[in-house]
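Have a look at work-v2.tsv; it's TSV, N, CA and C atoms:
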chain	number	residue	atom	x	y	z
A	1	MET	N	-5.53	9.62	-14.13
A	1	MET	CA	-4.54	9.77	-13.08
A	1	MET	C	-3.21	9.21	-13.58
A	2	GLU	N	-2.15	9.93	-13.38
A	2	GLU	CA	-0.81	9.47	-13.76
A	2	GLU	C	-0.09	8.92	-12.53
A	3	CYS	N	0.52	7.75	-12.69
A	3	CYS	CA	1.27	7.12	-11.60
A	3	CYS	C	2.68	7.67	-11.55
A	4	ASN	N	3.18	7.84	-10.34
A	4	ASN	CA	4.57	8.25	-10.14
A	4	ASN	C	5.17	7.42	-9.02
A	5	GLY	N	6.38	6.94	-9.23
A	5	GLY	CA	7.08	6.18	-8.20
A	5	GLY	C	7.00	4.69	-8.43
A	6	PRO	N	7.89	3.96	-7.74
A	6	PRO	CA	8.02	2.51	-7.95
A	6	PRO	C	7.16	1.64	-7.05
A	7	SER	N	6.33	2.20	-6.19
A	7	SER	CA	5.66	1.39	-5.17
A	7	SER	C	4.68	0.34	-5.72
A	8	MET	N	4.16	0.52	-6.92
A	8	MET	CA	3.20	-0.45	-7.46
A	8	MET	C	3.81	-1.34	-8.55
A	9	GLU	N	5.12	-1.27	-8.75
A	9	GLU	CA	5.76	-2.16	-9.73
A	9	GLU	C	5.68	-3.60	-9.24
A	10	PRO	N	5.49	-4.58	-10.05
A	10	PRO	CA	5.49	-4.57	-11.51
A	10	PRO	C	4.10	-4.36	-12.12
A	11	THR	N	3.08	-4.12	-11.30
A	11	THR	CA	1.73	-3.93	-11.85
A	11	THR	C	1.61	-2.62	-12.60
A	12	LEU	N	2.10	-1.54	-11.99
A	12	LEU	CA	2.06	-0.20	-12.58
A	12	LEU	C	3.43	0.42	-12.48
A	13	PHE	N	3.77	1.24	-13.47
A	13	PHE	CA	5.06	1.91	-13.51
A	13	PHE	C	4.86	3.41	-13.56
A	14	SER	N	5.90	4.17	-13.26
A	14	SER	CA	5.83	5.63	-13.37
A	14	SER	C	5.41	6.01	-14.78
A	15	ASN	N	4.62	7.05	-14.86
A	15	ASN	CA	4.08	7.60	-16.11
A	15	ASN	C	2.98	6.75	-16.74
A	16	ASN	N	2.57	5.65	-16.10
A	16	ASN	CA	1.36	4.96	-16.56
A	16	ASN	C	0.18	5.88	-16.25
A	17	ILE	N	-0.80	5.87	-17.13
A	17	ILE	CA	-2.01	6.66	-16.89
A	17	ILE	C	-3.16	5.69	-16.67
A	18	LEU	N	-3.92	5.94	-15.60
A	18	LEU	CA	-5.02	5.05	-15.21
A	18	LEU	C	-6.37	5.70	-15.44
A	19	LEU	N	-7.33	4.87	-15.81
A	19	LEU	CA	-8.72	5.28	-15.83
A	19	LEU	C	-9.28	4.88	-14.47
A	20	THR	N	-9.82	5.85	-13.74
A	20	THR	CA	-10.36	5.58	-12.41
A	20	THR	C	-11.82	5.98	-12.35
A	21	GLU	N	-12.52	5.44	-11.37
A	21	GLU	CA	-13.92	5.83	-11.16
A	21	GLU	C	-14.14	6.13	-9.69
A	22	ARG	N	-15.08	7.06	-9.43
A	22	ARG	CA	-15.32	7.52	-8.06
A	22	ARG	C	-16.64	7.03	-7.47
A	23	ILE	N	-17.49	6.45	-8.28
A	23	ILE	CA	-18.83	6.08	-7.81
A	23	ILE	C	-18.79	5.00	-6.74
A	24	THR	N	-18.09	3.91	-7.00
A	24	THR	CA	-18.10	2.81	-6.03
A	24	THR	C	-17.46	3.21	-4.71
A	25	THR	N	-16.51	4.14	-4.72
A	25	THR	CA	-15.89	4.54	-3.46
A	25	THR	C	-16.84	5.39	-2.61
A	26	ARG	N	-17.87	5.94	-3.22
A	26	ARG	CA	-18.85	6.74	-2.47
A	26	ARG	C	-19.96	5.88	-1.87
A	27	PHE	N	-20.35	4.82	-2.58
A	27	PHE	CA	-21.51	4.04	-2.16
A	27	PHE	C	-21.18	2.64	-1.66
A	28	TYR	N	-20.00	2.14	-1.97
A	28	TYR	CA	-19.61	0.79	-1.56
A	28	TYR	C	-18.22	0.82	-0.95
A	29	LYS	N	-17.97	-0.13	-0.09
A	29	LYS	CA	-16.63	-0.24	0.49
A	29	LYS	C	-15.73	-0.95	-0.50
A	30	PRO	N	-14.43	-0.63	-0.49
A	30	PRO	CA	-13.52	-1.30	-1.42
A	30	PRO	C	-13.39	-2.79	-1.10
A	31	ASN	N	-13.01	-3.54	-2.09
A	31	ASN	CA	-12.78	-4.97	-1.93
A	31	ASN	C	-11.29	-5.25	-1.80
A	32	ARG	N	-10.97	-6.34	-1.16
A	32	ARG	CA	-9.58	-6.78	-1.07
A	32	ARG	C	-9.06	-6.99	-2.49
A	33	GLY	N	-7.90	-6.43	-2.81
A	33	GLY	CA	-7.33	-6.56	-4.14
A	33	GLY	C	-7.56	-5.34	-5.03
A	34	ASP	N	-8.50	-4.48	-4.68
A	34	ASP	CA	-8.73	-3.26	-5.48
A	34	ASP	C	-7.50	-2.36	-5.41
A	35	ILE	N	-7.21	-1.71	-6.52
A	35	ILE	CA	-6.18	-0.66	-6.53
A	35	ILE	C	-6.93	0.66	-6.38
A	36	VAL	N	-6.55	1.42	-5.35
A	36	VAL	CA	-7.27	2.66	-5.04
A	36	VAL	C	-6.33	3.85	-5.08
A	37	ILE	N	-6.93	5.00	-5.32
A	37	ILE	CA	-6.24	6.28	-5.23
A	37	ILE	C	-6.75	6.94	-3.96
A	38	ALA	N	-5.83	7.35	-3.09
A	38	ALA	CA	-6.22	7.93	-1.81
A	38	ALA	C	-5.37	9.17	-1.53
A	39	VAL	N	-5.89	10.00	-0.65
A	39	VAL	CA	-5.10	11.12	-0.14
A	39	VAL	C	-4.07	10.52	0.80
A	40	SER	N	-2.83	10.95	0.67
A	40	SER	CA	-1.77	10.43	1.54
A	40	SER	C	-2.05	10.82	2.99
A	41	PRO	N	-1.98	9.85	3.90
A	41	PRO	CA	-2.20	10.18	5.31
A	41	PRO	C	-1.05	10.99	5.92
A	42	THR	N	0.09	11.04	5.25
A	42	THR	CA	1.23	11.80	5.77
A	42	THR	C	1.42	13.14	5.07
A	43	ASN	N	0.77	13.33	3.90
A	43	ASN	CA	0.87	14.59	3.16
A	43	ASN	C	-0.45	14.81	2.41
A	44	PRO	N	-1.35	15.60	2.95
A	44	PRO	CA	-2.67	15.77	2.35
A	44	PRO	C	-2.66	16.43	0.97
A	45	ASP	N	-1.52	16.96	0.54
A	45	ASP	CA	-1.42	17.55	-0.80
A	45	ASP	C	-1.04	16.52	-1.85
A	46	GLN	N	-0.84	15.28	-1.45
A	46	GLN	CA	-0.36	14.24	-2.36
A	46	GLN	C	-1.36	13.09	-2.42
A	47	TYR	N	-1.50	12.49	-3.61
A	47	TYR	CA	-2.32	11.30	-3.78
A	47	TYR	C	-1.41	10.09	-3.89
A	48	ILE	N	-1.89	8.95	-3.38
A	48	ILE	CA	-1.14	7.71	-3.45
A	48	ILE	C	-1.97	6.65	-4.16
A	49	CYS	N	-1.29	5.71	-4.79
A	49	CYS	CA	-1.94	4.61	-5.49
A	49	CYS	C	-1.45	3.32	-4.85
A	50	LYS	N	-2.36	2.57	-4.22
A	50	LYS	CA	-2.00	1.35	-3.50
A	50	LYS	C	-3.09	0.29	-3.67
A	51	ARG	N	-2.76	-0.94	-3.28
A	51	ARG	CA	-3.71	-2.04	-3.34
A	51	ARG	C	-4.31	-2.27	-1.95
A	52	VAL	N	-5.63	-2.51	-1.89
A	52	VAL	CA	-6.29	-2.81	-0.63
A	52	VAL	C	-5.94	-4.25	-0.26
A	53	ILE	N	-5.33	-4.40	0.90
A	53	ILE	CA	-4.90	-5.71	1.39
A	53	ILE	C	-5.83	-6.21	2.50
A	54	GLY	N	-6.24	-5.30	3.38
A	54	GLY	CA	-7.06	-5.69	4.52
A	54	GLY	C	-8.29	-4.82	4.67
A	55	LEU	N	-9.37	-5.47	5.08
A	55	LEU	CA	-10.66	-4.80	5.31
A	55	LEU	C	-10.95	-4.77	6.80
A	56	PRO	N	-11.93	-3.98	7.23
A	56	PRO	CA	-12.25	-3.92	8.66
A	56	PRO	C	-12.45	-5.32	9.25
A	57	GLY	N	-11.77	-5.54	10.39
A	57	GLY	CA	-11.86	-6.83	11.07
A	57	GLY	C	-10.76	-7.81	10.69
A	58	ASP	N	-10.06	-7.56	9.58
A	58	ASP	CA	-8.97	-8.46	9.17
A	58	ASP	C	-7.78	-8.31	10.12
A	59	LYS	N	-7.12	-9.42	10.39
A	59	LYS	CA	-5.89	-9.40	11.17
A	59	LYS	C	-4.73	-9.29	10.19
A	60	ILE	N	-3.90	-8.29	10.38
A	60	ILE	CA	-2.77	-8.04	9.50
A	60	ILE	C	-1.49	-8.38	10.25
A	61	ILE	N	-0.67	-9.21	9.66
A	61	ILE	CA	0.63	-9.55	10.23
A	61	ILE	C	1.70	-8.90	9.37
A	62	THR	N	2.47	-8.02	9.95
A	62	THR	CA	3.49	-7.29	9.19
A	62	THR	C	4.88	-7.64	9.71
A	63	GLU	N	5.84	-7.51	8.83
A	63	GLU	CA	7.24	-7.73	9.19
A	63	GLU	C	7.92	-6.38	9.25
A	64	LYS	N	8.54	-6.10	10.37
A	64	LYS	CA	9.28	-4.85	10.52
A	64	LYS	C	10.70	-5.21	10.92
A	65	LEU	N	11.66	-4.42	10.43
A	65	LEU	CA	13.05	-4.69	10.75
A	65	LEU	C	13.46	-3.89	11.98
A	66	THR	N	14.16	-4.55	12.87
A	66	THR	CA	14.70	-3.88	14.05
A	66	THR	C	16.19	-4.15	14.11
A	67	GLU	N	16.92	-3.17	14.61
A	67	GLU	CA	18.38	-3.31	14.68
A	67	GLU	C	18.76	-4.04	15.95
A	68	ASN	N	19.66	-5.04	15.82
A	68	ASN	CA	20.16	-5.80	16.97
A	68	ASN	C	21.39	-5.14	17.55
A	69	LYS	N	21.60	-5.36	18.83
A	69	LYS	CA	22.84	-4.93	19.49
A	69	LYS	C	23.85	-6.06	19.40
A	70	GLU	N	25.06	-5.78	19.83
A	70	GLU	CA	26.10	-6.82	19.82
A	70	GLU	C	25.73	-7.91	20.82
A	71	ASP	N	25.90	-9.14	20.42
A	71	ASP	CA	25.62	-10.28	21.29
A	71	ASP	C	26.83	-10.48	22.20
A	72	GLU	N	26.72	-10.01	23.45
A	72	GLU	CA	27.86	-10.04	24.36
A	72	GLU	C	28.20	-11.44	24.82
A	73	THR	N	27.25	-12.32	24.87
A	73	THR	CA	27.54	-13.68	25.33
A	73	THR	C	28.41	-14.43	24.34
A	74	LEU	N	28.31	-14.09	23.07
A	74	LEU	CA	29.12	-14.76	22.06
A	74	LEU	C	30.28	-13.89	21.61
A	75	SER	N	30.34	-12.66	22.13
A	75	SER	CA	31.39	-11.70	21.77
A	75	SER	C	31.51	-11.50	20.27
A	76	LYS	N	30.38	-11.44	19.61
A	76	LYS	CA	30.39	-11.13	18.19
A	76	LYS	C	29.10	-10.43	17.84
A	77	THR	N	29.07	-9.82	16.71
A	77	THR	CA	27.88	-9.11	16.27
A	77	THR	C	27.01	-10.07	15.47
A	78	VAL	N	25.74	-10.14	15.81
A	78	VAL	CA	24.80	-10.97	15.05
A	78	VAL	C	24.30	-10.15	13.88
A	79	ASP	N	23.43	-10.74	13.04
A	79	ASP	CA	22.89	-10.01	11.91
A	79	ASP	C	22.42	-8.63	12.35
A	80	LYS	N	22.74	-7.62	11.53
A	80	LYS	CA	22.38	-6.25	11.90
A	80	LYS	C	20.87	-6.07	12.00
A	81	TYR	N	20.14	-6.70	11.11
A	81	TYR	CA	18.69	-6.54	11.12
A	81	TYR	C	18.02	-7.90	11.23
A	82	THR	N	17.03	-7.97	12.08
A	82	THR	CA	16.28	-9.19	12.26
A	82	THR	C	14.80	-8.86	12.13
A	83	PRO	N	14.06	-9.63	11.34
A	83	PRO	CA	12.64	-9.32	11.22
A	83	PRO	C	11.88	-9.63	12.51
A	84	THR	N	10.96	-8.77	12.85
A	84	THR	CA	10.03	-9.04	13.93
A	84	THR	C	8.63	-8.91	13.35
A	85	PHE	N	7.70	-9.64	13.88
A	85	PHE	CA	6.36	-9.65	13.33
A	85	PHE	C	5.41	-8.98	14.31
A	86	ASN	N	4.65	-8.03	13.80
A	86	ASN	CA	3.62	-7.35	14.57
A	86	ASN	C	2.28	-7.69	13.95
A	87	ASP	N	1.27	-7.78	14.76
A	87	ASP	CA	-0.05	-8.02	14.20
A	87	ASP	C	-1.04	-7.04	14.80
A	88	GLU	N	-2.00	-6.65	13.98
A	88	GLU	CA	-3.05	-5.76	14.43
A	88	GLU	C	-4.29	-6.01	13.58
A	89	TYR	N	-5.42	-5.57	14.09
A	89	TYR	CA	-6.67	-5.71	13.37
A	89	TYR	C	-7.01	-4.39	12.69
A	90	VAL	N	-7.58	-4.47	11.50
A	90	VAL	CA	-8.02	-3.27	10.81
A	90	VAL	C	-9.33	-2.82	11.46
A	91	PRO	N	-9.38	-1.60	11.98
A	91	PRO	CA	-10.60	-1.14	12.65
A	91	PRO	C	-11.73	-0.83	11.66
A	92	LYS	N	-12.93	-0.77	12.18
A	92	LYS	CA	-14.10	-0.41	11.38
A	92	LYS	C	-13.88	0.99	10.79
A	93	GLY	N	-14.21	1.15	9.51
A	93	GLY	CA	-14.07	2.43	8.85
A	93	GLY	C	-12.69	2.67	8.26
A	94	PHE	N	-11.83	1.65	8.28
A	94	PHE	CA	-10.46	1.78	7.78
A	94	PHE	C	-10.15	0.63	6.83
A	95	VAL	N	-9.08	0.78	6.04
A	95	VAL	CA	-8.55	-0.30	5.21
A	95	VAL	C	-7.03	-0.31	5.35
A	96	TRP	N	-6.45	-1.46	5.06
A	96	TRP	CA	-4.99	-1.62	5.06
A	96	TRP	C	-4.55	-1.63	3.60
A	97	ILE	N	-3.64	-0.73	3.23
A	97	ILE	CA	-3.19	-0.64	1.84
A	97	ILE	C	-1.68	-0.87	1.77
A	98	GLU	N	-1.25	-1.50	0.68
A	98	GLU	CA	0.18	-1.72	0.46
A	98	GLU	C	0.47	-1.59	-1.02
A	99	GLY	N	1.71	-1.18	-1.32
A	99	GLY	CA	2.18	-1.18	-2.70
A	99	GLY	C	2.59	-2.59	-3.10
A	100	ASP	N	2.49	-2.90	-4.39
A	100	ASP	CA	2.89	-4.24	-4.86
A	100	ASP	C	4.39	-4.45	-4.74
A	101	ASN	N	5.16	-3.39	-4.73
A	101	ASN	CA	6.62	-3.47	-4.59
A	101	ASN	C	6.95	-3.28	-3.12
A	102	SER	N	6.85	-4.34	-2.34
A	102	SER	CA	6.95	-4.22	-0.88
A	102	SER	C	8.29	-3.70	-0.39
A	103	THR	N	9.34	-3.86	-1.18
A	103	THR	CA	10.65	-3.37	-0.74
A	103	THR	C	10.83	-1.88	-1.00
A	104	ASN	N	9.90	-1.26	-1.74
A	104	ASN	CA	10.05	0.15	-2.08
A	104	ASN	C	8.70	0.85	-2.05
A	105	SER	N	8.00	0.73	-0.93
A	105	SER	CA	6.68	1.33	-0.83
A	105	SER	C	6.43	1.84	0.59
A	106	SER	N	6.01	3.10	0.70
A	106	SER	CA	5.53	3.62	1.98
A	106	SER	C	4.03	3.41	1.99
A	107	ASP	N	3.56	2.64	2.94
A	107	ASP	CA	2.15	2.26	2.95
A	107	ASP	C	1.70	1.98	4.38
A	108	SER	N	0.64	1.20	4.54
A	108	SER	CA	0.08	0.95	5.87
A	108	SER	C	1.08	0.27	6.81
A	109	ARG	N	2.10	-0.36	6.28
A	109	ARG	CA	3.12	-0.94	7.15
A	109	ARG	C	3.85	0.14	7.92
A	110	TYR	N	3.84	1.37	7.40
A	110	TYR	CA	4.51	2.49	8.05
A	110	TYR	C	3.53	3.40	8.78
A	111	TYR	N	2.38	3.71	8.17
A	111	TYR	CA	1.46	4.65	8.81
A	111	TYR	C	0.17	4.01	9.30
A	112	GLY	N	0.06	2.70	9.23
A	112	GLY	CA	-1.11	2.02	9.75
A	112	GLY	C	-2.29	2.07	8.79
A	113	PRO	N	-3.43	1.54	9.21
A	113	PRO	CA	-4.60	1.55	8.34
A	113	PRO	C	-5.05	2.98	8.06
A	114	ILE	N	-5.68	3.18	6.89
A	114	ILE	CA	-6.14	4.52	6.54
A	114	ILE	C	-7.67	4.58	6.59
A	115	PRO	N	-8.23	5.73	6.93
A	115	PRO	CA	-9.68	5.87	6.94
A	115	PRO	C	-10.27	5.73	5.54
A	116	LEU	N	-11.43	5.12	5.43
A	116	LEU	CA	-12.11	5.00	4.13
A	116	LEU	C	-12.33	6.36	3.49
A	117	GLY	N	-12.48	7.40	4.29
A	117	GLY	CA	-12.72	8.74	3.78
A	117	GLY	C	-11.57	9.31	2.96
A	118	LEU	N	-10.37	8.73	3.10
A	118	LEU	CA	-9.24	9.21	2.30
A	118	LEU	C	-9.23	8.64	0.88
A	119	ILE	N	-10.00	7.58	0.64
A	119	ILE	CA	-10.03	6.97	-0.69
A	119	ILE	C	-10.85	7.84	-1.62
A	120	ARG	N	-10.25	8.21	-2.75
A	120	ARG	CA	-10.91	9.09	-3.71
A	120	ARG	C	-11.46	8.35	-4.93
A	121	SER	N	-10.77	7.29	-5.37
A	121	SER	CA	-11.24	6.57	-6.56
A	121	SER	C	-10.65	5.17	-6.60
A	122	ARG	N	-11.17	4.37	-7.52
A	122	ARG	CA	-10.70	3.00	-7.73
A	122	ARG	C	-10.19	2.90	-9.16
A	123	ALA	N	-9.02	2.30	-9.33
A	123	ALA	CA	-8.44	2.15	-10.66
A	123	ALA	C	-9.17	1.04	-11.41
A	124	ILE	N	-9.56	1.33	-12.65
A	124	ILE	CA	-10.26	0.35	-13.49
A	124	ILE	C	-9.30	-0.28	-14.49
A	125	CYS	N	-8.53	0.57	-15.18
A	125	CYS	CA	-7.58	0.03	-16.16
A	125	CYS	C	-6.45	1.01	-16.43
A	126	ARG	N	-5.36	0.47	-16.94
A	126	ARG	CA	-4.24	1.29	-17.40
A	126	ARG	C	-4.53	1.63	-18.85
A	127	ILE	N	-4.47	2.94	-19.20
A	127	ILE	CA	-4.77	3.34	-20.57
A	127	ILE	C	-3.55	3.91	-21.30
A	128	TRP	N	-2.43	4.07	-20.60
A	128	TRP	CA	-1.20	4.54	-21.24
A	128	TRP	C	-0.02	3.90	-20.56
A	129	PRO	N	0.92	3.41	-21.31
A	129	PRO	CA	1.07	3.49	-22.75
A	129	PRO	C	0.08	2.58	-23.48
A	130	LEU	N	-0.24	2.96	-24.69
A	130	LEU	CA	-1.28	2.27	-25.46
A	130	LEU	C	-0.99	0.79	-25.65
A	131	ASN	N	0.28	0.43	-25.82
A	131	ASN	CA	0.61	-0.98	-26.03
A	131	ASN	C	0.54	-1.80	-24.74
A	132	GLU	N	0.21	-1.16	-23.61
A	132	GLU	CA	0.09	-1.86	-22.34
A	132	GLU	C	-1.28	-1.66	-21.70
A	133	ILE	N	-2.31	-1.39	-22.50
A	133	ILE	CA	-3.66	-1.23	-21.95
A	133	ILE	C	-4.06	-2.53	-21.26
A	134	LYS	N	-4.57	-2.39	-20.03
A	134	LYS	CA	-4.87	-3.58	-19.23
A	134	LYS	C	-5.90	-3.23	-18.17
A	135	THR	N	-6.88	-4.11	-17.94
A	135	THR	CA	-7.80	-3.92	-16.82
A	135	THR	C	-7.08	-4.30	-15.55
A	136	LEU	N	-7.46	-3.64	-14.46
A	136	LEU	CA	-6.79	-3.88	-13.18
A	136	LEU	C	-7.71	-4.56	-12.19
Show this structure as structure tokens.
Amino acid sequence: MECNGPSMEPTLFSNNILLTERITTRFYKPNRGDIVIAVSPTNPDQYICKRVIGLPGDKIITEKLTENKEDETLSKTVDKYTPTFNDEYVPKGFVWIEGDNSTNSSDSRYYGPIPLGLIRSRAICRIWPLNEIKTL
């Protein structure tokens, strides 16, 4: 599998080639920390490569940015964006996945937990470029 995009940097970069296996995804549930290849929940023609962060039953606390309005009591504009924290539990049969590059990744923070059935394989090691061979 060839990686494309910055969402897994600095662990994986575009054009890295991964050795993946499909057996454990068929018979065992993924573990927290596994890097998995899954069908994109927003585009079924695309595969995504992300790290499993949460398992069924885990409470996930995410930070989402919301835009503030002008603070009329102080007659000035406060910070344009303020983080708000949302929390949810990963339901049975789902996992929470995120890219290692949190500032540049579309993942469960945007589309929520994904069904286990979308996971196609688990990354074992990076095999290209040759001077960067590494187990994952």
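Among the candidates A:Thr20, A:Gly54, A:Cys49, A:Arg126, the one nearest to A:Gly99 when counting only N, CA and C atoms is A:Cys49.
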Inset, instruction - Counting all atoms listed in the file, select every polymer residue within 7 Å of (-15.0, -0.8, 2.1) as defined in the file's coordinates, and provide the selection as a VMD selection string. - result: chain A and resid 28 to 31 55 to 56 94 116
Inset, instruction - Using only C-alpha atoms, give me every residue within 9 Å of (-7.9, -6.4, -12.8) in file coordinates, as a VMD selection string. - result: chain A and resid 33 to 35 123 to 125 134 to 136
Legend entry - Shell around A:Ile119 at 7 Å using only C-alpha atoms, local window under 2 positions removed, as a PyMOL selection string: chain A and resi 25+36-39+116-117+121
Inset, instruction - Provide the atom CA of A:Ile53 to atom CA of A:Thr24 distance in Å, to one decimal place. - result: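 Pair atom CA of A:Ile53 / atom CA of A:Thr24 returns 17.4 Å.
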Inset, instruction - Just list the residues in chain A DSSP gives strand (DSSP E or B) on the backbone, as number ranges by chain. - result: A: 2, 17-21, 35-39, 47-54, 59-67, 71, 76, 81-89, 94-98, 114-115, 119-128, 134-135
Inset, instruction - Would you please work out which residue, of A:Met8, A:Ile133, A:Ile23, A:Leu18, is nearest to A:Ser106 when using only C-alpha atoms? - result: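 Of the candidates, the smallest distance to A:Ser106 is held by A:Met8.
One distance worth recording is that between atom CA of A:Arg26 and atom CA of A:Ile60, which is 24.9 Å.
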Inset, instruction - Just the residues within 6.5 Å of A:Ser14, please, counting only N, CA and C atoms, with nothing from its chain fewer than 3 positions along; format it as a VMD selection string. - result: chain A and resid 3 to 6
Go ahead and save the picked residues with N, CA and C atoms, as a short mmCIF file (atom, residue, chain, number, x, y, z; two decimals), keeping the file's coordinate frame.
data_model
loop_
_atom_site.label_atom_id
_atom_site.label_comp_id
_atom_site.auth_asym_id
_atom_site.auth_seq_id
_atom_site.Cartn_x
_atom_site.Cartn_y
_atom_site.Cartn_z
N CYS A 3 0.52 7.75 -12.69
CA CYS A 3 1.27 7.12 -11.60
C CYS A 3 2.68 7.67 -11.55
N ASN A 4 3.18 7.84 -10.34
CA ASN A 4 4.57 8.25 -10.14
C ASN A 4 5.17 7.42 -9.02
N GLY A 5 6.38 6.94 -9.23
CA GLY A 5 7.08 6.18 -8.20
C GLY A 5 7.00 4.69 -8.43
N PRO A 6 7.89 3.96 -7.74
CA PRO A 6 8.02 2.51 -7.95
C PRO A 6 7.16 1.64 -7.05
#
Inset, instruction - Counting all atoms listed in the file, figure out which residue out of A:Lys50, A:Arg109, A:Asp58, A:Ser102 gets nearest to A:Tyr89. - result: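 Between A:Lys50, A:Arg109, A:Asp58, A:Ser102, the residue approaching A:Tyr89 most closely is A:Asp58.
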Inset, instruction - Select, from A:Ile48, A:Glu2, A:Ile17, A:Glu98, the residue with the minimum atom-to-atom distance to A:Pro113, counting only C-alpha atoms. - result: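 Result for the nearest residue to A:Pro113: A:Glu98.
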Inset, instruction - Find the spatial neighbours of A:Gly57, counting all atoms listed in the file, within a cut-off of 8 Å - ignore same-chain residues fewer than 6 positions away - and output them as a VMD selection string. - result: chain A and resid 88 to 94
Only N, CA and C atoms, please: the residues just picked out, written as a PDB file, keeping the file's coordinate frame.
ATOM      1  N   GLU A  88      -2.000  -6.650  13.980  1.00  0.00           N
ATOM      2  CA  GLU A  88      -3.050  -5.760  14.430  1.00  0.00           C
ATOM      3  C   GLU A  88      -4.290  -6.010  13.580  1.00  0.00           C
ATOM      4  N   TYR A  89      -5.420  -5.570  14.090  1.00  0.00           N
ATOM      5  CA  TYR A  89      -6.670  -5.710  13.370  1.00  0.00           C
ATOM      6  C   TYR A  89      -7.010  -4.390  12.690  1.00  0.00           C
ATOM      7  N   VAL A  90      -7.580  -4.470  11.500  1.00  0.00           N
ATOM      8  CA  VAL A  90      -8.020  -3.270  10.810  1.00  0.00           C
ATOM      9  C   VAL A  90      -9.330  -2.820  11.460  1.00  0.00           C
ATOM     10  N   PRO A  91      -9.380  -1.600  11.980  1.00  0.00           N
ATOM     11  CA  PRO A  91     -10.600  -1.140  12.650  1.00  0.00           C
ATOM     12  C   PRO A  91     -11.730  -0.830  11.660  1.00  0.00           C
ATOM     13  N   LYS A  92     -12.930  -0.770  12.180  1.00  0.00           N
ATOM     14  CA  LYS A  92     -14.100  -0.410  11.380  1.00  0.00           C
ATOM     15  C   LYS A  92     -13.880   0.990  10.790  1.00  0.00           C
ATOM     16  N   GLY A  93     -14.210   1.150   9.510  1.00  0.00           N
ATOM     17  CA  GLY A  93     -14.070   2.430   8.850  1.00  0.00           C
ATOM     18  C   GLY A  93     -12.690   2.670   8.260  1.00  0.00           C
ATOM     19  N   PHE A  94     -11.830   1.650   8.280  1.00  0.00           N
ATOM     20  CA  PHE A  94     -10.460   1.780   7.780  1.00  0.00           C
ATOM     21  C   PHE A  94     -10.150   0.630   6.830  1.00  0.00           C
TER      22      PHE A  94
END
Legend entry - Pairwise distance for atom CA of A:Thr103 and atom CA of A:Ile61, rounded to one decimal in Å: 16.1 Å
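In this comparison, which uses all atoms listed in the file, the residue of A:Ser40, A:Asn101, A:Thr62, A:Gln46 approaching A:Thr11 most closely is A:Asn101.
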Need the axis-aligned box for stretch 46-59 of chain A with 4 Å each side, so what are the centre and edges in Å to one decimal, as lines of an AutoDock Vina configuration file?
center_x = -6.4
center_y = 2.9
center_z = 2.8
size_x = 20.1
size_y = 32.7
size_z = 24.7
How would stretch 89-100 of chain A of the given structure read as a file with N, CA and C atoms, as a short mmCIF file (atom, residue, chain, number, x, y, z; two decimals), in the first residue's frame?
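Writing done, so here's selection-v5.cif:
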data_model
loop_
_atom_site.label_atom_id
_atom_site.label_comp_id
_atom_site.auth_asym_id
_atom_site.auth_seq_id
_atom_site.Cartn_x
_atom_site.Cartn_y
_atom_site.Cartn_z
N TYR A 89 -18.52 8.29 23.72
CA TYR A 89 -18.01 6.94 23.89
C TYR A 89 -17.99 6.23 22.55
N VAL A 90 -16.97 5.42 22.34
CA VAL A 90 -16.90 4.63 21.12
C VAL A 90 -17.87 3.46 21.27
N PRO A 91 -18.84 3.34 20.36
CA PRO A 91 -19.82 2.25 20.49
C PRO A 91 -19.24 0.88 20.14
N LYS A 92 -19.92 -0.15 20.56
CA LYS A 92 -19.53 -1.52 20.24
C LYS A 92 -19.53 -1.69 18.72
N GLY A 93 -18.48 -2.34 18.20
CA GLY A 93 -18.38 -2.58 16.77
C GLY A 93 -17.72 -1.43 16.01
N PHE A 94 -17.20 -0.44 16.72
CA PHE A 94 -16.58 0.72 16.09
C PHE A 94 -15.20 0.98 16.71
N VAL A 95 -14.39 1.78 16.03
CA VAL A 95 -13.12 2.27 16.58
C VAL A 95 -13.00 3.76 16.27
N TRP A 96 -12.18 4.43 17.06
CA TRP A 96 -11.88 5.85 16.84
C TRP A 96 -10.50 5.92 16.22
N ILE A 97 -10.38 6.55 15.05
CA ILE A 97 -9.09 6.63 14.36
C ILE A 97 -8.70 8.09 14.17
N GLU A 98 -7.39 8.35 14.24
CA GLU A 98 -6.87 9.69 14.01
C GLU A 98 -5.54 9.59 13.29
N GLY A 99 -5.23 10.64 12.52
CA GLY A 99 -3.92 10.75 11.91
C GLY A 99 -2.93 11.28 12.93
N ASP A 100 -1.65 10.93 12.78
CA ASP A 100 -0.63 11.41 13.72
C ASP A 100 -0.41 12.91 13.59
#
